[in-house]
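Q: Got coords00.txt for you, compact mmCIF, C-alpha atoms:
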```
# COMPACT_ATOMS: atom_id res chain seq x y z
CA MET A 1 0.42 13.63 50.87
CA PRO A 2 -0.75 10.70 48.74
CA SER A 3 0.80 7.30 49.37
CA PRO A 4 3.21 6.00 46.72
CA ILE A 5 0.67 3.34 45.76
CA SER A 6 -2.16 5.75 45.05
CA ARG A 7 0.17 8.08 43.21
CA ASP A 8 1.33 5.16 41.10
CA ARG A 9 -2.26 4.26 40.38
CA SER A 10 -3.24 7.75 39.30
CA SER A 11 -0.19 7.99 37.05
CA ARG A 12 -1.25 4.72 35.41
CA ARG A 13 -4.72 6.10 34.83
CA ALA A 14 -3.28 9.29 33.40
CA ARG A 15 -1.16 7.22 31.03
CA SER A 16 -4.23 5.25 29.92
CA THR A 17 -6.01 8.52 29.16
CA LEU A 18 -3.00 9.94 27.34
CA SER A 19 -2.62 6.81 25.23
CA GLY A 20 -6.34 6.88 24.37
CA VAL A 21 -6.40 10.57 23.49
CA LEU A 22 -3.41 10.21 21.15
CA ALA A 23 -4.91 7.14 19.48
CA GLY A 24 -8.27 8.96 19.17
CA VAL A 25 -6.77 12.03 17.50
CA GLY A 26 -4.87 9.77 15.11
CA LEU A 27 -7.99 7.73 14.41
CA VAL A 28 -10.00 10.78 13.38
CA ALA A 29 -7.14 12.10 11.26
CA PHE A 30 -7.04 8.73 9.55
CA VAL A 31 -10.81 8.54 8.99
CA ASP A 32 -10.78 12.12 7.70
CA GLU A 33 -8.06 11.35 5.19
CA THR A 34 -9.36 7.96 4.07
CA VAL A 35 -13.11 8.39 4.07
CA PHE A 36 -13.65 12.07 3.30
CA HIS A 37 -10.63 12.79 1.10
CA GLN A 38 -9.95 9.51 -0.69
CA LEU A 39 -13.20 7.53 -0.76
CA LEU A 40 -16.00 10.10 -0.84
CA HIS A 41 -13.94 12.90 -2.40
CA TRP A 42 -16.03 15.36 -0.38
CA HIS A 43 -13.02 17.20 1.04
CA HIS A 44 -10.54 18.78 -1.33
CA PHE A 45 -6.76 18.47 -1.05
CA TYR A 46 -6.66 22.22 -1.32
CA ASP A 47 -9.25 24.81 -2.14
CA ARG A 48 -8.40 28.19 -3.61
CA SER A 49 -9.82 30.12 -0.69
CA THR A 50 -7.54 28.54 1.92
CA PRO A 51 -5.37 31.19 3.60
CA ASP A 52 -1.80 30.45 4.74
CA VAL A 53 -2.72 30.11 8.39
CA GLY A 54 -5.16 27.37 7.37
CA LEU A 55 -2.38 25.55 5.54
CA VAL A 56 -0.10 25.73 8.58
CA SER A 57 -2.83 24.49 10.92
CA ASP A 58 -3.71 21.69 8.50
CA GLY A 59 -0.05 20.70 8.08
CA LEU A 60 0.54 20.64 11.83
CA PHE A 61 -2.52 18.56 12.61
CA HIS A 62 -1.99 16.22 9.71
CA ALA A 63 1.57 15.59 10.88
CA PHE A 64 0.48 15.34 14.51
CA GLY A 65 -2.25 12.82 13.64
CA PHE A 66 0.26 10.42 12.15
CA VAL A 67 2.67 10.59 15.02
CA ALA A 68 -0.17 10.56 17.57
CA VAL A 69 -1.68 7.28 16.45
CA VAL A 70 1.72 5.57 16.46
CA THR A 71 2.66 6.98 19.86
CA GLY A 72 -0.76 6.20 21.34
CA LEU A 73 -0.62 2.57 20.23
CA PHE A 74 2.94 2.08 21.51
CA LEU A 75 1.86 3.54 24.86
CA LEU A 76 -1.08 1.12 24.84
CA ALA A 77 1.27 -1.81 24.21
CA ASP A 78 3.47 -0.57 27.05
CA LEU A 79 0.53 -0.31 29.47
CA ARG A 80 -0.56 -3.82 28.53
CA ARG A 81 2.83 -5.41 29.04
CA ARG A 82 2.95 -3.73 32.46
CA ARG A 83 -0.63 -4.86 33.10
CA SER A 84 -1.57 -1.37 34.12
CA LEU A 85 -4.08 -0.51 31.40
CA ASP A 86 -7.30 1.07 32.62
CA VAL A 87 -9.66 0.13 29.78
CA GLY A 88 -12.38 2.61 30.74
CA ARG A 89 -9.86 5.41 30.88
CA TRP A 90 -8.40 4.37 27.55
CA VAL A 91 -11.73 4.18 25.71
CA GLY A 92 -12.73 7.49 27.30
CA GLY A 93 -9.46 8.96 26.06
CA VAL A 94 -10.09 7.72 22.52
CA LEU A 95 -13.52 9.37 22.48
CA LEU A 96 -12.14 12.60 23.98
CA GLY A 97 -9.29 12.73 21.47
CA ALA A 98 -11.48 11.84 18.50
CA GLY A 99 -14.29 14.25 19.44
CA GLY A 100 -11.94 17.04 20.45
CA PHE A 101 -10.04 16.88 17.20
CA GLN A 102 -13.21 16.63 15.12
CA LEU A 103 -14.62 19.64 16.94
CA TYR A 104 -11.41 21.57 16.25
CA ASP A 105 -11.53 20.50 12.61
CA GLY A 106 -15.22 21.35 12.24
CA LEU A 107 -15.24 24.67 14.07
CA VAL A 108 -11.76 26.17 13.86
CA GLN A 109 -10.30 24.70 10.67
CA HIS A 110 -13.39 24.55 8.46
CA LYS A 111 -15.10 27.68 9.74
CA VAL A 112 -12.67 30.12 11.36
CA LEU A 113 -9.55 29.35 9.30
CA GLY A 114 -11.53 28.70 6.14
CA LEU A 115 -9.71 25.50 5.27
CA HIS A 116 -11.60 23.30 2.82
CA GLN A 117 -15.29 22.64 3.59
CA ILE A 118 -16.92 19.29 4.35
CA ARG A 119 -18.56 19.07 0.96
CA TYR A 120 -18.90 21.28 -2.08
CA GLY A 121 -21.96 22.29 -4.09
CA VAL A 122 -24.46 21.52 -1.34
CA ASP A 123 -26.16 23.36 1.51
CA LEU A 124 -23.45 23.13 4.16
CA LEU A 125 -25.57 23.65 7.26
CA PRO A 126 -26.77 20.05 7.79
CA TYR A 127 -23.24 18.77 7.17
CA ASP A 128 -21.67 21.20 9.59
CA LEU A 129 -24.34 20.48 12.20
CA THR A 130 -23.95 16.70 11.91
CA TRP A 131 -20.16 16.95 11.97
CA ASN A 132 -20.01 19.07 15.09
CA VAL A 133 -22.86 17.38 16.95
CA VAL A 134 -21.19 14.00 16.42
CA ALA A 135 -17.97 15.55 17.70
CA ALA A 136 -19.71 16.95 20.79
CA VAL A 137 -21.37 13.59 21.52
CA LEU A 138 -17.96 11.89 21.34
CA VAL A 139 -16.46 14.43 23.74
CA VAL A 140 -19.32 14.08 26.25
CA GLY A 141 -19.19 10.28 26.03
CA GLY A 142 -15.43 10.35 26.59
CA ALA A 143 -15.78 12.67 29.57
CA VAL A 144 -18.46 10.48 31.16
CA LEU A 145 -16.36 7.33 30.73
CA THR A 146 -13.28 9.03 32.15
CA VAL A 147 -15.08 10.37 35.20
CA ARG A 148 -16.84 7.08 35.86
CA SER A 149 -13.61 5.14 35.73
CA ARG A 150 -12.17 7.50 38.32
CA ARG A 151 -14.96 6.52 40.73
CA THR A 152 -14.83 2.78 40.11
CA SER A 153 -11.14 2.22 40.20
CA THR A 154 -10.55 -1.04 38.36
CA VAL A 155 -6.84 -0.83 37.88
CA GLY A 156 -5.09 -4.17 38.02
CA PRO A 157 -2.20 -5.01 40.33
CA MET B 1 15.68 21.39 -22.86
CA SER B 2 19.01 23.23 -22.85
CA HIS B 3 22.39 21.59 -23.32
CA ASP B 4 23.48 22.85 -19.93
CA HIS B 5 20.71 20.94 -18.31
CA ALA B 6 21.57 17.72 -20.12
CA GLY B 7 25.20 18.26 -19.11
CA GLY B 8 24.10 18.72 -15.51
CA VAL B 9 22.27 15.45 -15.45
CA ASP B 10 25.27 13.73 -16.99
CA LEU B 11 27.71 15.10 -14.42
CA LEU B 12 25.29 14.25 -11.63
CA ALA B 13 24.67 10.76 -13.00
CA ALA B 14 28.37 10.06 -13.42
CA LEU B 15 29.15 11.21 -9.89
CA ALA B 16 26.18 9.33 -8.45
CA VAL B 17 27.16 6.03 -10.07
CA THR B 18 30.76 6.46 -8.91
CA ALA B 19 29.70 7.30 -5.36
CA THR B 20 27.32 4.35 -5.26
CA LEU B 21 29.98 1.91 -6.41
CA LEU B 22 32.43 3.28 -3.84
CA ALA B 23 29.81 3.10 -1.09
CA LEU B 24 28.90 -0.49 -1.93
CA VAL B 25 32.51 -1.67 -2.20
CA ALA B 26 33.58 0.12 0.98
CA TYR B 27 30.65 -1.36 2.90
CA ALA B 28 31.42 -4.87 1.61
CA VAL B 29 35.09 -4.54 2.57
CA LEU B 30 34.14 -3.39 6.06
CA VAL B 31 31.68 -6.28 6.49
CA VAL B 32 34.38 -8.77 5.53
CA ARG B 33 36.88 -7.16 7.92
CA ALA B 34 34.34 -7.07 10.76
CA ARG B 35 33.57 -10.76 10.22
CA ARG B 36 37.28 -11.55 10.28
CA ARG B 37 37.55 -9.80 13.60
CA GLY B 38 34.81 -12.04 14.86
CA ARG B 39 32.03 -9.43 14.86
CA ALA B 40 28.81 -10.73 13.36
CA TRP B 41 27.03 -8.35 11.00
CA ALA B 42 23.28 -8.72 10.36
CA VAL B 43 22.32 -9.40 6.74
CA GLY B 44 19.39 -7.00 7.08
CA ARG B 45 21.77 -4.08 7.60
CA THR B 46 23.73 -4.97 4.46
CA LEU B 47 20.46 -5.26 2.53
CA ALA B 48 19.25 -1.88 3.80
CA TRP B 49 22.52 -0.20 2.80
CA THR B 50 22.51 -1.80 -0.66
CA LEU B 51 18.88 -0.91 -1.33
CA GLY B 52 19.46 2.63 -0.08
CA CYS B 53 22.42 3.06 -2.47
CA LEU B 54 20.44 1.69 -5.40
CA LEU B 55 17.38 3.87 -4.72
CA ALA B 56 19.49 7.00 -4.37
CA THR B 57 21.13 6.22 -7.70
CA ALA B 58 17.79 5.45 -9.33
CA ALA B 59 16.57 8.88 -8.25
CA VAL B 60 19.26 10.76 -10.19
CA THR B 61 20.09 8.47 -13.12
CA GLY B 62 18.22 6.47 -15.73
CA PRO B 63 14.55 6.71 -16.68
CA LEU B 64 13.34 8.49 -13.55
CA ALA B 65 15.93 11.27 -13.89
CA ARG B 66 15.08 11.66 -17.59
CA ALA B 67 11.37 11.91 -16.80
CA ALA B 68 12.13 14.36 -13.98
CA MET B 69 13.71 16.74 -16.48
CA THR B 70 10.33 17.42 -18.03
CA GLY B 71 7.77 16.19 -15.51
CA TRP B 72 7.06 17.53 -12.05
CA THR B 73 5.51 14.28 -10.80
CA ALA B 74 8.64 12.30 -11.66
CA HIS B 75 10.74 15.06 -10.12
CA MET B 76 8.86 14.73 -6.83
CA ALA B 77 9.03 10.93 -6.89
CA GLY B 78 12.79 11.38 -7.21
CA HIS B 79 12.71 13.82 -4.30
CA VAL B 80 10.94 11.34 -2.04
CA LEU B 81 13.39 8.59 -3.04
CA LEU B 82 16.58 10.63 -2.73
CA GLY B 83 15.67 12.79 0.24
CA MET B 84 13.59 10.44 2.40
CA LEU B 85 13.48 6.75 1.54
CA ALA B 86 17.10 6.21 0.48
CA PRO B 87 18.50 8.11 3.50
CA LEU B 88 16.35 6.07 5.89
CA LEU B 89 17.61 2.81 4.38
CA LEU B 90 21.22 4.01 4.43
CA VAL B 91 20.85 4.95 8.10
CA LEU B 92 19.45 1.50 8.89
CA GLY B 93 22.63 0.11 7.30
CA ALA B 94 24.48 1.50 10.38
CA PRO B 95 27.71 2.34 8.49
CA VAL B 96 29.36 4.02 11.49
CA THR B 97 28.84 1.02 13.77
CA LEU B 98 30.17 -1.19 10.99
CA ALA B 99 33.26 0.97 10.61
CA LEU B 100 33.85 0.95 14.38
CA ASN B 101 33.68 -2.85 14.30
CA ALA B 102 35.91 -3.26 11.27
CA LEU B 103 38.59 -0.58 11.57
CA PRO B 104 41.87 -1.09 13.47
CA VAL B 105 41.79 0.30 17.02
CA GLY B 106 43.60 3.54 16.18
CA ALA B 107 41.35 4.42 13.29
CA ALA B 108 38.22 3.46 15.23
CA ARG B 109 39.31 5.71 18.07
CA ARG B 110 39.83 8.61 15.66
CA LEU B 111 36.38 7.98 14.21
CA SER B 112 34.70 8.04 17.59
CA ARG B 113 36.61 11.23 18.48
CA LEU B 114 35.25 12.75 15.27
CA LEU B 115 31.75 11.73 16.32
CA ARG B 116 32.15 13.70 19.54
CA SER B 117 33.58 16.78 17.82
CA ARG B 118 31.83 20.10 18.16
CA PRO B 119 30.56 20.38 14.55
CA LEU B 120 28.94 16.99 14.79
CA ARG B 121 27.46 17.81 18.18
CA VAL B 122 25.75 20.79 16.58
CA LEU B 123 24.70 18.96 13.41
CA THR B 124 23.19 16.06 15.35
CA GLU B 125 20.95 18.35 17.38
CA PRO B 126 17.52 17.19 16.07
CA GLY B 127 16.21 20.72 15.51
CA VAL B 128 19.31 21.65 13.51
CA ALA B 129 19.05 18.49 11.38
CA ALA B 130 15.36 19.17 10.72
CA VAL B 131 15.99 22.78 9.67
CA LEU B 132 18.83 21.71 7.36
CA ASP B 133 16.59 19.08 5.79
CA VAL B 134 13.20 20.78 5.42
CA GLY B 135 14.66 24.30 5.37
CA GLY B 136 16.73 23.22 2.39
CA LEU B 137 13.57 22.14 0.60
CA TRP B 138 11.88 25.49 1.27
CA LEU B 139 14.97 27.17 -0.14
CA LEU B 140 14.93 24.91 -3.19
CA TYR B 141 11.25 25.28 -4.04
CA GLY B 142 10.56 28.72 -2.58
CA THR B 143 13.37 30.55 -4.40
CA PRO B 144 14.72 30.43 -7.98
CA LEU B 145 17.38 27.94 -6.76
CA LEU B 146 15.80 25.08 -8.70
CA ASP B 147 16.09 27.02 -11.97
CA VAL B 148 19.69 27.94 -11.18
CA ALA B 149 20.45 24.27 -10.53
CA HIS B 150 18.90 23.35 -13.86
CA ASP B 151 21.30 25.68 -15.64
CA HIS B 152 24.48 24.95 -13.65
CA PRO B 153 25.61 21.33 -13.39
CA LEU B 154 27.73 21.97 -10.28
CA VAL B 155 24.88 23.66 -8.40
CA ASP B 156 22.71 20.73 -9.44
CA VAL B 157 25.18 18.29 -7.89
CA VAL B 158 25.42 20.32 -4.68
CA VAL B 159 21.62 20.51 -4.37
CA HIS B 160 21.18 16.76 -4.82
CA ALA B 161 24.03 15.98 -2.42
CA HIS B 162 22.47 18.29 0.16
CA VAL B 163 19.05 16.65 -0.18
CA LEU B 164 20.56 13.19 0.37
CA LEU B 165 22.93 14.17 3.19
CA ALA B 166 20.40 16.28 5.09
CA GLY B 167 17.87 13.47 4.78
CA TYR B 168 20.49 11.07 6.12
CA LEU B 169 21.33 13.37 9.02
CA LEU B 170 17.69 13.77 10.07
CA ALA B 171 16.98 10.03 9.84
CA ALA B 172 20.21 9.23 11.73
CA VAL B 173 19.31 11.63 14.53
CA LEU B 174 15.74 10.36 14.82
CA VAL B 175 16.04 6.60 14.36
CA GLY B 176 19.66 5.76 13.58
CA PRO B 177 21.24 2.70 15.20
CA ASP B 178 24.66 4.40 15.02
CA PRO B 179 26.16 6.12 18.07
CA LEU B 180 25.47 9.86 18.40
CA PRO B 181 27.23 12.48 20.54
CA HIS B 182 23.96 12.88 22.44
CA ARG B 183 20.47 11.55 21.95
CA ARG B 184 17.47 13.61 22.95
CA THR B 185 14.44 12.17 24.73
CA THR B 186 11.82 10.33 22.70
CA ARG B 187 9.36 13.15 23.34
CA HIS B 188 11.83 15.69 21.97
CA LEU B 189 12.37 13.58 18.84
CA LEU B 190 8.63 13.17 18.26
CA VAL B 191 8.02 16.91 18.54
CA VAL B 192 10.80 17.59 16.02
CA LEU B 193 9.35 14.93 13.73
CA VAL B 194 5.87 16.50 13.86
CA LEU B 195 7.24 19.98 13.14
CA ALA B 196 9.46 18.75 10.30
CA LEU B 197 6.63 16.76 8.73
CA ALA B 198 4.26 19.72 9.11
CA ALA B 199 6.73 22.06 7.39
CA HIS B 200 7.10 19.48 4.62
CA ASP B 201 3.31 19.16 4.22
CA VAL B 202 2.75 22.91 4.18
CA LEU B 203 5.42 23.27 1.49
CA ALA B 204 3.78 20.52 -0.60
CA LYS B 205 0.36 22.20 -0.35
CA ARG B 206 1.85 25.58 -1.22
CA LEU B 207 3.40 24.06 -4.33
CA TYR B 208 -0.01 22.63 -5.16
CA ALA B 209 -1.62 26.01 -4.59
CA LEU B 210 0.96 27.90 -6.64
CA ALA B 211 0.85 25.46 -9.57
CA ALA B 212 0.51 27.69 -12.62
CA GLY B 213 2.66 26.19 -15.33
CA THR B 214 1.66 24.78 -18.68
CA ASP B 215 0.88 21.36 -17.26
CA LEU B 216 -1.19 22.18 -14.21
CA LEU B 217 -2.25 18.61 -13.55
CA ASP B 218 1.34 17.36 -13.54
CA GLU B 219 2.39 20.07 -11.07
CA GLN B 220 -0.51 19.28 -8.76
CA ARG B 221 0.11 15.56 -8.94
CA GLY B 222 3.77 16.20 -8.14
CA ALA B 223 2.83 18.16 -5.02
CA MET B 224 0.57 15.31 -3.91
CA VAL B 225 3.36 12.78 -4.44
CA MET B 226 5.51 14.95 -2.18
CA TYR B 227 2.75 15.23 0.42
CA TYR B 228 1.75 11.57 0.64
CA GLY B 229 5.24 10.19 -0.03
CA GLY B 230 6.48 12.29 2.86
CA ASP B 231 3.67 10.95 5.03
CA ALA B 232 4.60 7.34 4.30
CA VAL B 233 8.26 7.80 5.20
CA ASP B 234 7.39 9.83 8.28
CA LEU B 235 5.01 7.11 9.44
CA ALA B 236 7.95 4.72 9.27
CA LEU B 237 10.10 7.21 11.21
CA ALA B 238 7.46 7.57 13.94
CA VAL B 239 7.19 3.79 14.28
CA LEU B 240 10.98 3.44 14.54
CA VAL B 241 11.29 6.23 17.13
CA CYS B 242 8.57 4.64 19.29
CA ALA B 243 9.91 1.12 18.79
CA ARG B 244 13.26 2.17 20.17
CA TRP B 245 11.53 3.67 23.23
CA TYR B 246 9.46 0.49 23.61
CA ARG B 247 12.56 -1.72 23.60
CA ARG B 248 14.53 0.53 25.92
CA THR B 249 11.81 0.80 28.55
CA ARG B 250 11.04 -2.92 28.57
CA PRO B 251 10.25 -3.86 32.18
CA ARG B 252 13.30 -4.95 34.10
CA ALA B 253 14.00 -8.52 32.96
CA THR B 254 15.63 -6.97 29.86
CA SER B 255 19.08 -7.09 31.40
CA GLY B 256 18.65 -10.79 32.10
CA ARG B 257 17.68 -11.39 28.53
CA ARG B 258 20.55 -9.32 27.27
CA ARG B 259 22.93 -11.46 29.30
CA GLY B 260 21.51 -14.37 27.38
CA HIS B 261 19.75 -16.17 30.24
CA GLY B 262 16.52 -16.24 28.28
CA GLN B 263 14.49 -15.32 31.36
CA LEU B 264 10.79 -14.74 31.01
CA ASP B 265 9.46 -11.31 31.75
CA LEU B 266 7.57 -12.40 34.86
CA GLU B 267 9.23 -10.12 37.36
CA GLY B 268 9.13 -7.21 34.96
CA ALA B 269 5.36 -7.26 34.66
CA GLY B 270 4.84 -5.25 37.82
CA ALA B 271 7.78 -2.95 37.41
CA ARG B 272 7.13 0.74 37.84
CA PRO B 273 6.47 2.53 34.58
CA GLN B 274 9.18 4.94 33.63
CA GLY B 275 8.43 8.51 32.60
CA VAL B 276 6.10 8.70 29.63
CA LEU B 277 8.26 8.59 26.52
CA GLY B 278 11.18 9.87 28.56
```
Could you quickly redo this structure as structure tokens?
A:
Amino acid sequence: MPSPISRDRSSRRARSTLSGVLAGVGLVAFVDETVFHQLLHWHHFYDRSTPDVGLVSDGLFHAFGFVAVVTGLFLLADLRRRRSLDVGRWVGGVLLGAGGFQLYDGLVQHKVLGLHQIRYGVDLLPYDLTWNVVAAVLVVGGAVLTVRSRRTSTVGP
Amino acid sequence: MSHDHAGGVDLLAALAVTATLLALVAYAVLVVRARRRGRAWAVGRTLAWTLGCLLATAAVTGPLARAAMTGWTAHMAGHVLLGMLAPLLLVLGAPVTLALNALPVGAARRLSRLLRSRPLRVLTEPGVAAVLDVGGLWLLYGTPLLDVAHDHPLVDVVVHAHVLLAGYLLAAVLVGPDPLPHRRTTRHLLVVLVLALAAHDVLAKRLYALAAGTDLLDEQRGAMVMYYGGDAVDLALAVLVCARWYRRTRPRATSGRRRGHGQLDLEGAGARPQGVLG
């Protein structure tokens, strides 16, 4: 049975990861909306071929992104005021959340559910490849950071 | 534009102005009474209540209401004002707390008994409030109800009252400073908020998708006003839900501060974290 101290420490690390993942998901949702919808106008608000299940998935993740970024940042503030933030875990969480959500968006929403595409009137393959490779790199980077921070425990008092 | 419709707006406008005046006067009287009883009342709450009343009125009277009769974009701007922004501000005005502070003991006791009554226990269940609020919108825009309301002034009044009251209920349950029969955990509230916002977003995109009237652009713009206006208010709701959690779970020294000793948070820094968003 783990001692109370080590259990406490692992719960703090888990909270750092959770906070990071939520902030990461929110960050990607925000970038998606701002950069691809509003600035570049690559994505469309709605495209005629979107089926209902795509709309539901999009609505859920859009709503979740908003609440996730707020929740993630409040959790971060809470960890900081308790001086129990594990920075490596948090950054790893951000990358995991961001990459995971982008992968979901790129593979499931754009491809399987047929929600809007990345860009219109162009050959999609390079865009899809870049999108999903970037997502995969983020996920791998996040996983590496998370695992490494487990080995070199640097949690404060 | 039919005469019925014009009549509907008139009845609605007349009722709205009356209700606003009553709400403002009643609130002012209660603030004065609370002050007399030695209870301080924050100016910010009075401001929130006043602004909420004015925005709700602006949504159903005057230039915006006239534009909403012909334009979908103006209609949706009115929807965001009446159903989301105004209710949030009214909730932040904390009218129930004010009444409890201002009313004589007997009346205050009756009010708090009412708050614990079974109907209010059911209504203040977050899931129920969310279904009443967003479900009402699906009913309004997914069925011919909107057309019926356009032709029948009374239905029109009921629809607008429902939009405002359901919006108030949801905001009160999620972020209200007023006492509730029971308050769910922060996690529970956040899940309800995500689902309610998602249902709202899906409805807005469906309206965009189904736009087929004579002025396609106006219909689409209206749906986008609904979508992004909803987002803005929901962002505020999420921040308020989390801020309450953040204050409540402040590491220990809180109680010292609340007693007015002005202690620093030194001892609290190492306090054990409480359950995540519990």
Q: So, counting only C-alpha atoms, which residue among A:Val94, A:Val134, A:Val87, A:Val140 is closest to Leu27 in chain A?
A: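 Checking each of A:Val94, A:Val134, A:Val87, A:Val140 against Leu27 in chain A, counting only C-alpha atoms, the winner is A:Val94.
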Q: Expressed in Å to a single decimal, how great is the separation between CA of Leu24 in chain B and CA of Gly176 in chain B?
A: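 Distance reported for this atom pair: 19.1 Å.
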Q: Please measure the separation of CA of Gly93 in chain A and CA of Leu107 in chain A, giving the value in Å to one decimal.
A: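 Distance reported for this atom pair: 20.6 Å.
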Q: Return the single residue from B:Ala23, B:Leu15, B:Leu180, B:Ala42 that is closest to Leu120 in chain B, with distances computed using all atoms listed in the file.
A: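 Counting all atoms listed in the file, the residue closest to Leu120 in chain B is B:Leu180.
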Q: My list of candidates is B:Arg206, B:Arg250, B:Arg45, B:His182. Which is closest to Asp58 in chain A when distances are computed with all atoms listed in the file?
A: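 Answer, going by the shortest atom-to-atom distance: B:Arg206.
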Q: Pull out every residue of chain B sitting within 10 Å of chain A, counting all atoms listed in the file, and send them as a PyMOL selection string.
A: chain B and resi 187+190-191+193-206+208-210+220+224+227+230-232+234-243+245-247+249-251+265+268-273+275-277
Q: Give me the residues near range 158-168 of chain B as a JSON list (two decimals) with C-alpha atoms, keeping the file's coordinate frame, where near means some atom within 9 Å (using all atoms listed in the file) and where sequence neighbours in that chain fewer than 4 positions away do not count.
A:
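Contents of selection.json, freshly written:
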```
[["chain", "number", "residue", "atom", "x", "y", "z"],
["B", 12, "LEU", "CA", 25.29, 14.25, -11.63],
["B", 56, "ALA", "CA", 19.49, 7.00, -4.37],
["B", 60, "VAL", "CA", 19.26, 10.76, -10.19],
["B", 79, "HIS", "CA", 12.71, 13.82, -4.30],
["B", 82, "LEU", "CA", 16.58, 10.63, -2.73],
["B", 83, "GLY", "CA", 15.67, 12.79, 0.24],
["B", 84, "MET", "CA", 13.59, 10.44, 2.40],
["B", 85, "LEU", "CA", 13.48, 6.75, 1.54],
["B", 86, "ALA", "CA", 17.10, 6.21, 0.48],
["B", 87, "PRO", "CA", 18.50, 8.11, 3.50],
["B", 88, "LEU", "CA", 16.35, 6.07, 5.89],
["B", 89, "LEU", "CA", 17.61, 2.81, 4.38],
["B", 90, "LEU", "CA", 21.22, 4.01, 4.43],
["B", 91, "VAL", "CA", 20.85, 4.95, 8.10],
["B", 129, "ALA", "CA", 19.05, 18.49, 11.38],
["B", 130, "ALA", "CA", 15.36, 19.17, 10.72],
["B", 132, "LEU", "CA", 18.83, 21.71, 7.36],
["B", 133, "ASP", "CA", 16.59, 19.08, 5.79],
["B", 134, "VAL", "CA", 13.20, 20.78, 5.42],
["B", 136, "GLY", "CA", 16.73, 23.22, 2.39],
["B", 137, "LEU", "CA", 13.57, 22.14, 0.60],
["B", 140, "LEU", "CA", 14.93, 24.91, -3.19],
["B", 145, "LEU", "CA", 17.38, 27.94, -6.76],
["B", 146, "LEU", "CA", 15.80, 25.08, -8.70],
["B", 149, "ALA", "CA", 20.45, 24.27, -10.53],
["B", 153, "PRO", "CA", 25.61, 21.33, -13.39],
["B", 154, "LEU", "CA", 27.73, 21.97, -10.28],
["B", 172, "ALA", "CA", 20.21, 9.23, 11.73],
["B", 173, "VAL", "CA", 19.31, 11.63, 14.53]]
```
